[in-house]
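What follows is one structure encoded as structure tokens, with my remarks underneath.
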Amino acid sequence: MDFRQIHYFISLYEEGTVTRAAHRLHIVQPALSMQIGRLEEHLGQKLFERTKHGMVPTDAARQMYRLFLPIMRDFSNAEAQMLSSEGEIRGHVNIGLIASITQGVLVETLGAFSRQYPGVDVSVSDGYTSVLADRVAEGRLDAAIVNKPRRPLALDVEHIIDEEMVLIVGHRFEGTLAPCMTLRQMAGLGLDLVLPTRGHGLRANIDSFFESENIELAPKFEIDSLVATITLVEQTRMATIVPRVAVHRQLYDGSLRAHSIVSPRLVRRVVSVSNPRRPLSPATRLFISMLAANLRLRAPGATVDTPDAAA
């Protein structure tokens, strides 16, 4: 087994077909097939089943991918750091973001980062906090920006921002709402709320505030898609509770209105998690720093404190 074979294997695993993998690697298809065949012969295990839909990985291939992907990422990061030592920042950033961050500040961050560091490629995954944290632990992501997990993690956790969550309604909402209200006052209005499902990190945060006030929370709809939730609130008389940054564009153009909730003030803590065994590359650190700066800029009233210790 050599480095080239592992590289070829990972490309085929991720692309799913010999044609796409060979194109990604800039080699001819027979060369790729030959190296995969040699790898299977060396391991004494079949790695892929050829079907009409492409190359389907076997259990052995899935295990190999989990084992070798972190190693390949470490190699790429080490190479990028050596190249970056000559002055230009290069490499690949592979980061996870919760949906509200993706919706709020990702586009402008990618644009600015690309202009400033053209030698860096960026891959972004979104998902639940728990899923993203697991991917960081497994080495499938360099880092992730997530809601602070409740459970202890064997990861480095760095505080980014404490962000206000607000009640959001659209222009079709009927009735008058005060600019600020207590959580109990808001609950007494009988609003039709659309919130994430209970498996969502944002929902867990919202639930904790309602539980602390002994208020029953009964949303009309439960939807994990932030885009769908925002669209629904824009087009109906429904309301939602989201971080202000997730809807800053709609607040600016007037299609949505925000009402602050006080006593208690609803906040969610956003953190960066990374694997302590895999130091972040300069490119990844720079991307996180730029993303965090944009997040703070778009989140008035947010607070920043000292980093958390590793959890």
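Identifiers for the structure tokens are assigned positionally: chains receive A, B, ... in sequence, residues are indexed from 1 per chain, and ligands are indexed from 1 in the order shown.
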
Please give the complete set of residues from region 158-216 of chain A that DSSP, run on the backbone, assigns to strand (DSSP E), formatted as a PyMOL selection string.
chain A and resi 158-170+180-182+194-195

Counting only C-alpha atoms, what are the residues of region 142-250 of chain A within 10 Å of region 269-292 of chain A, and for each of them which pair of atoms is the nearest and at what distance in Å, to one decimal? Sort the table by chain and rising number, as JSON lines.
{"residue": "A:Asp142", "atom": "CA", "partner": "A:Ser274", "partner_atom": "CA", "distance": 6.4}
{"residue": "A:Ala143", "atom": "CA", "partner": "A:Ser274", "partner_atom": "CA", "distance": 4.6}
{"residue": "A:Ala144", "atom": "CA", "partner": "A:Val273", "partner_atom": "CA", "distance": 5.4}
{"residue": "A:Ile145", "atom": "CA", "partner": "A:Ser272", "partner_atom": "CA", "distance": 4.5}
{"residue": "A:Val146", "atom": "CA", "partner": "A:Val271", "partner_atom": "CA", "distance": 5.6}
{"residue": "A:Asn147", "atom": "CA", "partner": "A:Val270", "partner_atom": "CA", "distance": 4.7}
{"residue": "A:Lys148", "atom": "CA", "partner": "A:Val271", "partner_atom": "CA", "distance": 5.6}
{"residue": "A:Pro149", "atom": "CA", "partner": "A:Val271", "partner_atom": "CA", "distance": 8.9}
{"residue": "A:Leu153", "atom": "CA", "partner": "A:Val273", "partner_atom": "CA", "distance": 9.1}
{"residue": "A:Ala154", "atom": "CA", "partner": "A:Asn275", "partner_atom": "CA", "distance": 7.7}
{"residue": "A:Leu155", "atom": "CA", "partner": "A:Asn275", "partner_atom": "CA", "distance": 5.1}
{"residue": "A:Asp156", "atom": "CA", "partner": "A:Ser274", "partner_atom": "CA", "distance": 5.2}
{"residue": "A:Val157", "atom": "CA", "partner": "A:Val273", "partner_atom": "CA", "distance": 4.7}
{"residue": "A:Glu158", "atom": "CA", "partner": "A:Ser272", "partner_atom": "CA", "distance": 5.1}
{"residue": "A:His159", "atom": "CA", "partner": "A:Val271", "partner_atom": "CA", "distance": 4.5}
{"residue": "A:Ile160", "atom": "CA", "partner": "A:Val271", "partner_atom": "CA", "distance": 5.1}
{"residue": "A:Ile161", "atom": "CA", "partner": "A:Val270", "partner_atom": "CA", "distance": 5.3}
{"residue": "A:Asp162", "atom": "CA", "partner": "A:Arg269", "partner_atom": "CA", "distance": 4.5}
{"residue": "A:Glu163", "atom": "CA", "partner": "A:Arg269", "partner_atom": "CA", "distance": 6.3}
{"residue": "A:Glu164", "atom": "CA", "partner": "A:Arg269", "partner_atom": "CA", "distance": 9.1}
{"residue": "A:Asn205", "atom": "CA", "partner": "A:Arg269", "partner_atom": "CA", "distance": 9.2}

Just the residues within 10 Å of Ile206 (chain A), please, counting only C-alpha atoms, with nothing from its chain fewer than 5 positions along; format it as a list of chain:residue names.
A:Met165, A:Leu195, A:Pro196, A:Arg198, A:Gly201, A:Glu211, A:Leu217, A:Ile241, A:Val242, A:Leu266, A:Val267, A:Arg268

Could you write out the selected residues, including N, CA, C and O atoms, as an mmCIF file, in the first residue's frame?
data_model
loop_
_atom_site.group_PDB
_atom_site.id
_atom_site.type_symbol
_atom_site.label_atom_id
_atom_site.label_comp_id
_atom_site.auth_asym_id
_atom_site.auth_seq_id
_atom_site.Cartn_x
_atom_site.Cartn_y
_atom_site.Cartn_z
ATOM 1 N N MET A 165 -31.302 35.672 20.508
ATOM 2 C CA MET A 165 -32.362 35.084 19.706
ATOM 3 C C MET A 165 -33.610 35.948 19.857
ATOM 4 O O MET A 165 -33.925 36.407 20.961
ATOM 5 N N LEU A 195 -40.849 26.089 14.692
ATOM 6 C CA LEU A 195 -39.544 25.914 15.324
ATOM 7 C C LEU A 195 -38.883 24.640 14.801
ATOM 8 O O LEU A 195 -39.556 23.779 14.216
ATOM 9 N N PRO A 196 -37.589 24.475 15.035
ATOM 10 C CA PRO A 196 -36.932 23.212 14.658
ATOM 11 C C PRO A 196 -37.457 22.049 15.490
ATOM 12 O O PRO A 196 -38.099 22.239 16.527
ATOM 13 N N ARG A 198 -37.029 18.611 17.930
ATOM 14 C CA ARG A 198 -36.314 18.485 19.208
ATOM 15 C C ARG A 198 -34.884 17.974 19.049
ATOM 16 O O ARG A 198 -34.080 18.114 19.969
ATOM 17 N N GLY A 201 -30.119 21.553 17.639
ATOM 18 C CA GLY A 201 -29.442 22.256 18.722
ATOM 19 C C GLY A 201 -30.115 23.563 19.089
ATOM 20 O O GLY A 201 -30.182 23.932 20.262
ATOM 21 N N GLU A 211 -38.417 25.906 29.684
ATOM 22 C CA GLU A 211 -38.465 25.016 30.848
ATOM 23 C C GLU A 211 -38.068 25.747 32.121
ATOM 24 O O GLU A 211 -38.635 25.511 33.192
ATOM 25 N N LEU A 217 -44.207 24.778 25.782
ATOM 26 C CA LEU A 217 -43.911 25.190 24.406
ATOM 27 C C LEU A 217 -44.579 24.210 23.451
ATOM 28 O O LEU A 217 -44.264 23.021 23.443
ATOM 29 N N ILE A 241 -38.593 31.828 16.356
ATOM 30 C CA ILE A 241 -37.529 32.352 17.216
ATOM 31 C C ILE A 241 -36.212 31.893 16.621
ATOM 32 O O ILE A 241 -35.951 30.686 16.523
ATOM 33 N N VAL A 242 -35.390 32.835 16.196
ATOM 34 C CA VAL A 242 -34.107 32.505 15.572
ATOM 35 C C VAL A 242 -33.058 33.515 16.006
ATOM 36 O O VAL A 242 -33.384 34.611 16.464
ATOM 37 N N LEU A 266 -33.036 35.699 25.686
ATOM 38 C CA LEU A 266 -32.714 34.454 24.997
ATOM 39 C C LEU A 266 -31.398 34.618 24.234
ATOM 40 O O LEU A 266 -31.289 35.482 23.359
ATOM 41 N N VAL A 267 -30.417 33.804 24.576
ATOM 42 C CA VAL A 267 -29.132 33.840 23.883
ATOM 43 C C VAL A 267 -28.699 32.412 23.575
ATOM 44 O O VAL A 267 -29.121 31.463 24.239
ATOM 45 N N ARG A 268 -27.896 32.293 22.558
ATOM 46 C CA ARG A 268 -27.266 31.005 22.295
ATOM 47 C C ARG A 268 -25.769 31.249 22.172
ATOM 48 O O ARG A 268 -25.322 32.262 21.625
#

Minimum-distance residue to Pro152 (chain A), chosen among A:Gln185, A:Pro179, A:Ala133, A:Arg66 (using only C-alpha atoms)
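Using only C-alpha atoms, the shortest distance to Pro152 (chain A) belongs to A:Ala133.
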
Helix (DSSP H, G or I) call set, DSSP backbone run, region 151-205 of chain A, as a ChimeraX atom specification:
/A:183-187,201-205

So that I can check the surroundings of Phe75 (chain A), please list as a PyMOL selection string every protein, DNA and RNA residue that reaches within 12 Å of it, counting only C-alpha atoms and ignoring chain neighbours fewer than 6 positions away.
chain A and resi 3+7+68-69+81-82+91-92+278-279+281

So how many Å separate CA of Ser208 (chain A) and CA of Arg249 (chain A), to one decimal?
27.6 Å
